[in-house]
Every structure is written in C-alpha cells, then in structure tokens.
Amino acid sequence: DTGVSQNPRHKITKRGQNVTFRCDPISEHNRLYWYRQTLGQGPEFLTYFQNEAQLEKSRLLSDRFSAERPKGSFSTLEIQRTEQGDSAMYLCASSLVKGTYNSPLHFGNGTRLTVT
Amino acid sequence: GQQLNQSPQSMFIQEGEDVSMNCTSSSIFNTWLWYKQDPGEGPVLLIALYKAGELTSNGRLTAQFGITRKDSFLNISASIPSDVGIYFCAGQLPGAGNQFYFGTGTSLTVIP
C-alpha cells in the first residue's frame, strides 16, 4: 500500500460550479478524515468517518459541502456552488482505531482548489 | 475549535544548529503528534506521543509530551538543509470524538 491517495491534485473552477474530490485511504484504516488548509494555517477539521458512518462534522462544513464514504473504503467530498472563499488545500487523512488503540493520522498530498 | 499556540512562528538557523519549538494549549490532550509539511504536499508524521512525560526520538528529532498534558516540544539536533519546511503539532482531546486539532505551524529555514 502506498499511503493515502487523493485526486485530483489540483482543481481550478469557476465560482458557482460544483466540484468533487476523491480520497483513497490506507487499506486497513477504518477512519477517514477531511481537513481544509489555507495558506499560513494549520489543517482545520471538517469531518470524519468510522467505516461508512459519518460521525462528526465541523461547523466549517456548510450545507454546500457533503462527504460520503459509501462502502467504508474511499470517500468523496463535494462542494456545491463554489465560492472564492472555498479556495484552499483539502486534505484527507486516515487512521486505524482498534479497541483502545488509535493510530496517528496519515495524510494524503491534498487537492488544491482554486475558485476563480 | 481548540486553539493550539505554536511557537516560534518562524525560525532562520545555520546548518548544524539545534532547533526547539513548542506547542501549548489551554486544554488537556491525550495524544500529541508532530508533522512536517513541504510546499504543495500533505503533512508527514514525524513523532507520536501518547503519555504525559513521554520522550520519543526519531533520528535527530526528539519530542516530549508535557507533564501537564497541555504542551509538547520538538527538538531537532544538528539541522541540515532538508529540515526546511513547516512543522505542525496536533493534539487530540480525550473523549471528544477523536478529532485532532492543529497548531498554526513553525516555518523552519536552514541556511547552508
């Protein structure tokens, strides 16, 4: 396994368009996280899944954002009616939770979104 | 969300010097992680800490989980040019849904 994979790496879209990003986690990991990162800031939590269940959503995740993980493997993050303020790096991370063991987050290389 | 204060914000050092940075919070965390991020890439895990007082090394890197559980430190010894990047701390609150909160990063520049 080569780690967490995200695509596309870059996306340029016009304001008002919809975009969808994909994340393939490390195969044995049951948790998948989405973070957003803007220039000069640390990653900000958006949402996470345990298997296919979406367990937590940040206030940052407006109703234009939706994330899915239908089979508990890959995940998609969709942004509808994009706004310029959505321009950011969208990072996916995965981890393994087993009983009381919780592995650290392993990140993909992100999708850089630019909304013009 | 939780605020992690990371300092210094940036550092410019000579190759071969040692580096220290830290991360503090007003809340108690049960896990501290340290990451390095290069431009255009995702953060890469450096060290994970799980117990108060724990001191863990990874090559020239050493990190400590503060006794109060509200802080963590990262030291880099004998810096080299490839240490350049942004270093982030991340903490996990106990029983809070297992999300990780990140600091704002320390930008490290190593002058050859």
# chains A, B, ... in the order shown; residues from 1 in each chain; ligands from 1
>>> interface_residues(of="chain A", to="chain B", cutoff="8 Å", atoms="only C-alpha atoms", output="count of residues only")
17
>>> residues_around(residues="Leu61 of chain B", least_positions_apart="5", cutoff="8 Å", atoms="only C-alpha atoms", output="list in words")
Leu74, Asn75, Ile76 and Ser77 of chain B
>>> residues_around(residues="segment 10-17 of chain A", least_positions_apart="2", cutoff="8 Å", atoms="only C-alpha atoms", output="list in words")
Asn7, Pro8, Val19, Gln80, Arg81, Thr82, Glu83, Gln84, Thr111, Arg112, Leu113, Thr114, Val115 and Thr116 of chain A
>>> write_last_selection(atoms="N, CA, C and O atoms", output="PDB file, in the first residue's frame")
ATOM      1  N   ASN A   7      -7.192  12.584  -5.318  1.00  0.00           N
ATOM      2  CA  ASN A   7      -7.216  13.165  -6.664  1.00  0.00           C
ATOM      3  C   ASN A   7      -8.502  13.949  -6.881  1.00  0.00           C
ATOM      4  O   ASN A   7      -9.510  13.688  -6.222  1.00  0.00           O
ATOM      5  N   PRO A   8      -8.429  14.986  -7.744  1.00  0.00           N
ATOM      6  CA  PRO A   8      -7.213  15.410  -8.429  1.00  0.00           C
ATOM      7  C   PRO A   8      -6.251  16.118  -7.478  1.00  0.00           C
ATOM      8  O   PRO A   8      -6.625  16.453  -6.357  1.00  0.00           O
ATOM      9  N   VAL A  19     -17.766  20.876  -7.445  1.00  0.00           N
ATOM     10  CA  VAL A  19     -16.544  20.087  -7.571  1.00  0.00           C
ATOM     11  C   VAL A  19     -16.631  18.884  -6.641  1.00  0.00           C
ATOM     12  O   VAL A  19     -17.302  18.923  -5.604  1.00  0.00           O
ATOM     13  N   GLN A  80     -20.762  22.212  -3.487  1.00  0.00           N
ATOM     14  CA  GLN A  80     -21.719  22.747  -4.460  1.00  0.00           C
ATOM     15  C   GLN A  80     -21.646  24.263  -4.478  1.00  0.00           C
ATOM     16  O   GLN A  80     -21.333  24.900  -3.468  1.00  0.00           O
ATOM     17  N   ARG A  81     -21.924  24.836  -5.631  1.00  0.00           N
ATOM     18  CA  ARG A  81     -21.985  26.307  -5.800  1.00  0.00           C
ATOM     19  C   ARG A  81     -20.756  26.947  -5.159  1.00  0.00           C
ATOM     20  O   ARG A  81     -20.849  27.761  -4.242  1.00  0.00           O
ATOM     21  N   THR A  82     -19.593  26.567  -5.661  1.00  0.00           N
ATOM     22  CA  THR A  82     -18.339  27.018  -5.050  1.00  0.00           C
ATOM     23  C   THR A  82     -18.256  28.531  -4.966  1.00  0.00           C
ATOM     24  O   THR A  82     -18.765  29.267  -5.824  1.00  0.00           O
ATOM     25  N   GLU A  83     -17.588  28.986  -3.921  1.00  0.00           N
ATOM     26  CA  GLU A  83     -17.333  30.406  -3.684  1.00  0.00           C
ATOM     27  C   GLU A  83     -15.828  30.610  -3.616  1.00  0.00           C
ATOM     28  O   GLU A  83     -15.070  29.667  -3.357  1.00  0.00           O
ATOM     29  N   GLN A  84     -15.394  31.859  -3.811  1.00  0.00           N
ATOM     30  CA  GLN A  84     -13.946  32.117  -3.794  1.00  0.00           C
ATOM     31  C   GLN A  84     -13.335  31.755  -2.440  1.00  0.00           C
ATOM     32  O   GLN A  84     -12.191  31.315  -2.370  1.00  0.00           O
ATOM     33  N   THR A 111      -5.789  18.025  -2.279  1.00  0.00           N
ATOM     34  CA  THR A 111      -6.300  18.586  -3.532  1.00  0.00           C
ATOM     35  C   THR A 111      -6.322  20.091  -3.360  1.00  0.00           C
ATOM     36  O   THR A 111      -6.973  20.604  -2.444  1.00  0.00           O
ATOM     37  N   ARG A 112      -5.593  20.779  -4.225  1.00  0.00           N
ATOM     38  CA  ARG A 112      -5.562  22.250  -4.168  1.00  0.00           C
ATOM     39  C   ARG A 112      -6.699  22.793  -5.028  1.00  0.00           C
ATOM     40  O   ARG A 112      -6.699  22.587  -6.226  1.00  0.00           O
ATOM     41  N   LEU A 113      -7.660  23.450  -4.383  1.00  0.00           N
ATOM     42  CA  LEU A 113      -8.809  24.028  -5.098  1.00  0.00           C
ATOM     43  C   LEU A 113      -8.629  25.525  -5.254  1.00  0.00           C
ATOM     44  O   LEU A 113      -8.359  26.217  -4.270  1.00  0.00           O
ATOM     45  N   THR A 114      -8.782  25.992  -6.476  1.00  0.00           N
ATOM     46  CA  THR A 114      -8.787  27.424  -6.755  1.00  0.00           C
ATOM     47  C   THR A 114     -10.112  27.773  -7.406  1.00  0.00           C
ATOM     48  O   THR A 114     -10.464  27.199  -8.450  1.00  0.00           O
ATOM     49  N   VAL A 115     -10.837  28.677  -6.781  1.00  0.00           N
ATOM     50  CA  VAL A 115     -12.129  29.133  -7.311  1.00  0.00           C
ATOM     51  C   VAL A 115     -11.948  30.540  -7.879  1.00  0.00           C
ATOM     52  O   VAL A 115     -11.546  31.458  -7.151  1.00  0.00           O
ATOM     53  N   THR A 116     -12.195  30.681  -9.182  1.00  0.00           N
ATOM     54  CA  THR A 116     -11.965  31.989  -9.829  1.00  0.00           C
ATOM     55  C   THR A 116     -13.273  32.776  -9.980  1.00  0.00           C
ATOM     56  O   THR A 116     -14.366  32.206  -9.833  1.00  0.00           O
TER      57      THR A 116
END
>>> select_by_dssp(residues="segment 3-62 of chain A", states="strand (DSSP E or B)", output="short mmCIF file (atom, residue, chain, number, x, y, z; two decimals) with all heavy atoms, in the first residue's frame")
data_model
loop_
_atom_site.label_atom_id
_atom_site.label_comp_id
_atom_site.auth_asym_id
_atom_site.auth_seq_id
_atom_site.Cartn_x
_atom_site.Cartn_y
_atom_site.Cartn_z
N SER A 5 -4.22 8.32 -0.89
CA SER A 5 -4.17 8.87 -2.25
C SER A 5 -5.34 9.82 -2.47
O SER A 5 -6.49 9.51 -2.13
CB SER A 5 -4.24 7.71 -3.26
OG SER A 5 -4.31 8.20 -4.57
N GLN A 6 -5.05 10.99 -3.01
CA GLN A 6 -6.09 11.97 -3.28
C GLN A 6 -6.03 12.41 -4.73
O GLN A 6 -4.95 12.59 -5.28
CB GLN A 6 -5.94 13.21 -2.39
CG GLN A 6 -6.25 12.97 -0.94
CD GLN A 6 -6.24 14.25 -0.15
OE1 GLN A 6 -5.36 14.46 0.69
NE2 GLN A 6 -7.24 15.11 -0.39
N ASN A 7 -7.19 12.58 -5.32
CA ASN A 7 -7.22 13.16 -6.66
C ASN A 7 -8.50 13.95 -6.88
O ASN A 7 -9.51 13.69 -6.22
CB ASN A 7 -7.03 12.09 -7.74
CG ASN A 7 -8.15 11.08 -7.75
OD1 ASN A 7 -9.23 11.34 -8.28
ND2 ASN A 7 -7.91 9.94 -7.15
N HIS A 10 -4.90 19.06 -8.27
CA HIS A 10 -5.26 20.47 -8.44
C HIS A 10 -6.60 20.56 -9.16
O HIS A 10 -6.88 19.75 -10.04
CB HIS A 10 -4.21 21.21 -9.28
CG HIS A 10 -2.83 21.12 -8.73
ND1 HIS A 10 -2.35 21.98 -7.77
CD2 HIS A 10 -1.83 20.25 -8.99
CE1 HIS A 10 -1.10 21.64 -7.48
NE2 HIS A 10 -0.76 20.61 -8.20
N LYS A 11 -7.39 21.57 -8.76
CA LYS A 11 -8.67 21.80 -9.43
C LYS A 11 -8.90 23.30 -9.49
O LYS A 11 -8.86 23.98 -8.46
CB LYS A 11 -9.80 21.12 -8.65
CG LYS A 11 -11.18 21.32 -9.25
CD LYS A 11 -11.35 20.54 -10.51
CE LYS A 11 -12.76 20.71 -11.07
NZ LYS A 11 -12.92 20.00 -12.37
N ILE A 12 -9.10 23.78 -10.69
CA ILE A 12 -9.46 25.19 -10.87
C ILE A 12 -10.89 25.22 -11.40
O ILE A 12 -11.21 24.52 -12.37
CB ILE A 12 -8.52 25.90 -11.87
CG1 ILE A 12 -7.08 25.84 -11.35
CG2 ILE A 12 -8.95 27.35 -12.07
CD1 ILE A 12 -6.05 26.37 -12.33
N THR A 13 -11.74 25.98 -10.74
CA THR A 13 -13.14 26.01 -11.14
C THR A 13 -13.66 27.44 -11.06
O THR A 13 -13.09 28.28 -10.37
CB THR A 13 -13.97 25.08 -10.26
OG1 THR A 13 -15.28 24.93 -10.81
CG2 THR A 13 -14.12 25.64 -8.85
N VAL A 19 -17.77 20.88 -7.44
CA VAL A 19 -16.54 20.09 -7.57
C VAL A 19 -16.63 18.88 -6.64
O VAL A 19 -17.30 18.92 -5.60
CB VAL A 19 -15.28 20.90 -7.22
CG1 VAL A 19 -15.04 22.01 -8.24
CG2 VAL A 19 -15.33 21.46 -5.81
N THR A 20 -15.94 17.82 -7.03
CA THR A 20 -15.89 16.61 -6.20
C THR A 20 -14.45 16.12 -6.13
O THR A 20 -13.76 16.05 -7.14
CB THR A 20 -16.77 15.50 -6.79
OG1 THR A 20 -18.12 15.97 -6.85
CG2 THR A 20 -16.72 14.26 -5.91
N PHE A 21 -14.03 15.79 -4.92
CA PHE A 21 -12.69 15.26 -4.70
C PHE A 21 -12.81 13.83 -4.19
O PHE A 21 -13.76 13.49 -3.48
CB PHE A 21 -11.92 16.09 -3.66
CG PHE A 21 -11.96 17.57 -3.87
CD1 PHE A 21 -12.11 18.43 -2.80
CD2 PHE A 21 -11.85 18.11 -5.14
CE1 PHE A 21 -12.14 19.80 -2.98
CE2 PHE A 21 -11.89 19.48 -5.33
CZ PHE A 21 -12.05 20.33 -4.25
N ARG A 22 -11.77 13.05 -4.47
CA ARG A 22 -11.78 11.68 -4.01
C ARG A 22 -10.59 11.39 -3.11
O ARG A 22 -9.50 11.93 -3.33
CB ARG A 22 -11.74 10.73 -5.20
CG ARG A 22 -11.67 9.25 -4.81
CD ARG A 22 -11.69 8.33 -5.97
NE ARG A 22 -11.36 6.97 -5.57
CZ ARG A 22 -12.12 5.92 -5.85
NH1 ARG A 22 -13.25 6.05 -6.54
NH2 ARG A 22 -11.75 4.71 -5.46
N CYS A 23 -10.79 10.53 -2.14
CA CYS A 23 -9.71 10.10 -1.25
C CYS A 23 -9.76 8.58 -1.11
O CYS A 23 -10.80 8.01 -0.80
CB CYS A 23 -9.86 10.74 0.13
SG CYS A 23 -8.71 10.08 1.36
N ASP A 24 -8.62 7.96 -1.31
CA ASP A 24 -8.46 6.53 -1.05
C ASP A 24 -7.54 6.37 0.15
O ASP A 24 -6.35 6.70 0.06
CB ASP A 24 -7.89 5.80 -2.27
CG ASP A 24 -8.89 5.69 -3.39
OD1 ASP A 24 -8.96 6.63 -4.23
OD2 ASP A 24 -9.64 4.70 -3.41
N ARG A 31 -10.79 4.63 9.81
CA ARG A 31 -11.20 6.03 9.98
C ARG A 31 -10.66 6.87 8.84
O ARG A 31 -9.53 6.70 8.41
CB ARG A 31 -10.69 6.60 11.30
CG ARG A 31 -11.52 6.16 12.45
CD ARG A 31 -11.78 7.26 13.43
NE ARG A 31 -12.66 6.73 14.48
CZ ARG A 31 -12.58 7.03 15.74
NH1 ARG A 31 -11.67 7.89 16.15
NH2 ARG A 31 -13.41 6.51 16.61
N LEU A 32 -11.51 7.79 8.40
CA LEU A 32 -11.11 8.69 7.31
C LEU A 32 -11.54 10.09 7.68
O LEU A 32 -12.67 10.31 8.12
CB LEU A 32 -11.77 8.25 5.99
CG LEU A 32 -11.34 9.00 4.73
CD1 LEU A 32 -11.40 8.06 3.52
CD2 LEU A 32 -12.17 10.24 4.50
N TYR A 33 -10.63 11.03 7.53
CA TYR A 33 -10.86 12.42 7.93
C TYR A 33 -10.70 13.34 6.71
O TYR A 33 -9.86 13.11 5.85
CB TYR A 33 -9.81 12.87 8.95
CG TYR A 33 -9.78 12.11 10.26
CD1 TYR A 33 -9.22 10.84 10.34
CD2 TYR A 33 -10.26 12.69 11.43
CE1 TYR A 33 -9.17 10.16 11.54
CE2 TYR A 33 -10.20 12.03 12.64
CZ TYR A 33 -9.65 10.75 12.69
OH TYR A 33 -9.59 10.07 13.89
N TRP A 34 -11.46 14.43 6.73
CA TRP A 34 -11.25 15.52 5.78
C TRP A 34 -10.86 16.77 6.57
O TRP A 34 -11.51 17.11 7.57
CB TRP A 34 -12.50 15.81 4.95
CG TRP A 34 -12.77 14.79 3.88
CD1 TRP A 34 -13.66 13.75 3.93
CD2 TRP A 34 -12.18 14.74 2.57
NE1 TRP A 34 -13.64 13.05 2.75
CE2 TRP A 34 -12.75 13.64 1.90
CE3 TRP A 34 -11.22 15.53 1.91
CZ2 TRP A 34 -12.40 13.29 0.60
CZ3 TRP A 34 -10.88 15.18 0.62
CH2 TRP A 34 -11.46 14.07 -0.04
N TYR A 35 -9.82 17.42 6.08
CA TYR A 35 -9.36 18.69 6.65
C TYR A 35 -9.24 19.72 5.53
O TYR A 35 -9.06 19.38 4.36
CB TYR A 35 -7.98 18.54 7.30
CG TYR A 35 -7.97 17.93 8.68
CD1 TYR A 35 -8.09 16.54 8.86
CD2 TYR A 35 -7.85 18.73 9.82
CE1 TYR A 35 -8.08 15.99 10.13
CE2 TYR A 35 -7.84 18.18 11.09
CZ TYR A 35 -7.96 16.81 11.23
OH TYR A 35 -7.95 16.26 12.49
N ARG A 36 -9.32 20.98 5.91
CA ARG A 36 -9.08 22.07 4.97
C ARG A 36 -7.91 22.90 5.50
O ARG A 36 -7.81 23.14 6.71
CB ARG A 36 -10.31 22.96 4.85
CG ARG A 36 -10.16 24.09 3.84
CD ARG A 36 -11.45 24.82 3.65
NE ARG A 36 -11.79 25.65 4.80
CZ ARG A 36 -12.92 26.33 4.90
NH1 ARG A 36 -13.83 26.27 3.94
NH2 ARG A 36 -13.15 27.06 5.97
N GLN A 37 -7.05 23.33 4.59
CA GLN A 37 -5.89 24.13 4.99
C GLN A 37 -5.75 25.33 4.07
O GLN A 37 -5.69 25.17 2.84
CB GLN A 37 -4.61 23.28 4.94
CG GLN A 37 -3.39 24.00 5.48
CD GLN A 37 -2.15 23.12 5.47
OE1 GLN A 37 -2.03 22.20 4.65
NE2 GLN A 37 -1.22 23.36 6.39
N GLU A 44 -7.56 22.41 9.27
CA GLU A 44 -8.76 22.57 10.09
C GLU A 44 -9.70 21.41 9.82
O GLU A 44 -10.01 21.10 8.66
CB GLU A 44 -9.48 23.88 9.74
CG GLU A 44 -8.70 25.14 10.08
CD GLU A 44 -9.43 26.36 9.58
OE1 GLU A 44 -9.56 26.54 8.35
OE2 GLU A 44 -9.89 27.16 10.42
N PHE A 45 -10.19 20.81 10.89
CA PHE A 45 -11.05 19.64 10.79
C PHE A 45 -12.36 19.98 10.11
O PHE A 45 -13.00 20.98 10.41
CB PHE A 45 -11.30 19.10 12.20
CG PHE A 45 -12.34 18.02 12.28
CD1 PHE A 45 -12.03 16.72 11.92
CD2 PHE A 45 -13.63 18.31 12.71
CE1 PHE A 45 -13.00 15.72 12.00
CE2 PHE A 45 -14.60 17.32 12.80
CZ PHE A 45 -14.27 16.01 12.44
N LEU A 46 -12.78 19.11 9.17
CA LEU A 46 -14.09 19.25 8.53
C LEU A 46 -15.05 18.15 8.98
O LEU A 46 -16.16 18.42 9.44
CB LEU A 46 -13.95 19.21 7.01
CG LEU A 46 -13.23 20.38 6.34
CD1 LEU A 46 -13.13 20.15 4.84
CD2 LEU A 46 -13.92 21.69 6.65
N THR A 47 -14.61 16.88 8.82
CA THR A 47 -15.50 15.77 9.15
C THR A 47 -14.68 14.49 9.23
O THR A 47 -13.54 14.45 8.76
CB THR A 47 -16.61 15.63 8.10
OG1 THR A 47 -17.56 14.65 8.52
CG2 THR A 47 -16.05 15.21 6.73
N TYR A 48 -15.26 13.45 9.86
CA TYR A 48 -14.60 12.16 9.81
C TYR A 48 -15.60 11.01 9.77
O TYR A 48 -16.76 11.17 10.18
CB TYR A 48 -13.56 12.00 10.92
CG TYR A 48 -14.06 11.44 12.25
CD1 TYR A 48 -14.07 10.08 12.52
CD2 TYR A 48 -14.48 12.31 13.25
CE1 TYR A 48 -14.48 9.59 13.74
CE2 TYR A 48 -14.90 11.82 14.48
CZ TYR A 48 -14.90 10.47 14.73
OH TYR A 48 -15.31 9.98 15.95
N PHE A 49 -15.16 9.89 9.25
CA PHE A 49 -15.94 8.67 9.12
C PHE A 49 -15.27 7.55 9.88
O PHE A 49 -14.05 7.43 9.91
CB PHE A 49 -16.02 8.22 7.64
CG PHE A 49 -16.79 9.15 6.76
CD1 PHE A 49 -16.19 10.29 6.22
CD2 PHE A 49 -18.11 8.90 6.45
CE1 PHE A 49 -16.89 11.14 5.40
CE2 PHE A 49 -18.83 9.76 5.62
CZ PHE A 49 -18.21 10.88 5.10
N GLN A 50 -16.10 6.73 10.50
CA GLN A 50 -15.66 5.44 11.03
C GLN A 50 -16.35 4.42 10.14
O GLN A 50 -17.57 4.31 10.15
CB GLN A 50 -16.11 5.26 12.49
CG GLN A 50 -15.87 3.88 13.03
CD GLN A 50 -14.59 3.78 13.84
OE1 GLN A 50 -13.90 4.77 14.06
NE2 GLN A 50 -14.26 2.60 14.31
N ALA A 53 -19.84 5.24 8.39
CA ALA A 53 -20.64 6.19 9.17
C ALA A 53 -19.91 7.52 9.37
O ALA A 53 -18.76 7.55 9.83
CB ALA A 53 -20.96 5.57 10.52
N GLN A 54 -20.60 8.60 9.04
CA GLN A 54 -20.05 9.94 9.27
C GLN A 54 -20.36 10.32 10.71
O GLN A 54 -21.52 10.57 11.06
CB GLN A 54 -20.66 10.93 8.29
CG GLN A 54 -20.00 12.30 8.31
CD GLN A 54 -20.51 13.22 7.20
OE1 GLN A 54 -21.53 12.98 6.61
NE2 GLN A 54 -19.77 14.27 6.91
N LEU A 55 -19.34 10.38 11.56
CA LEU A 55 -19.55 10.51 12.98
C LEU A 55 -19.50 11.95 13.50
O LEU A 55 -20.04 12.23 14.57
CB LEU A 55 -18.54 9.66 13.76
CG LEU A 55 -18.66 8.14 13.55
CD1 LEU A 55 -17.72 7.40 14.50
CD2 LEU A 55 -20.11 7.68 13.77
N GLU A 56 -18.84 12.81 12.78
CA GLU A 56 -18.71 14.17 13.28
C GLU A 56 -18.51 15.13 12.13
O GLU A 56 -17.84 14.81 11.15
CB GLU A 56 -17.52 14.27 14.25
CG GLU A 56 -17.49 15.56 15.05
CD GLU A 56 -16.49 15.50 16.19
OE1 GLU A 56 -16.05 14.41 16.57
OE2 GLU A 56 -16.15 16.59 16.70
N LYS A 57 -19.13 16.30 12.24
CA LYS A 57 -18.99 17.34 11.23
C LYS A 57 -18.68 18.65 11.93
O LYS A 57 -19.32 19.02 12.93
CB LYS A 57 -20.27 17.50 10.42
CG LYS A 57 -20.58 16.33 9.50
CD LYS A 57 -21.63 16.68 8.47
CE LYS A 57 -23.02 16.51 9.01
NZ LYS A 57 -24.02 16.63 7.93
#
>>> closest_residue(among="B:Pro112, B:Gly95, B:Ser72, B:Asn58", to="Gln6 of chain B", atoms="only C-alpha atoms")
B:Ser72
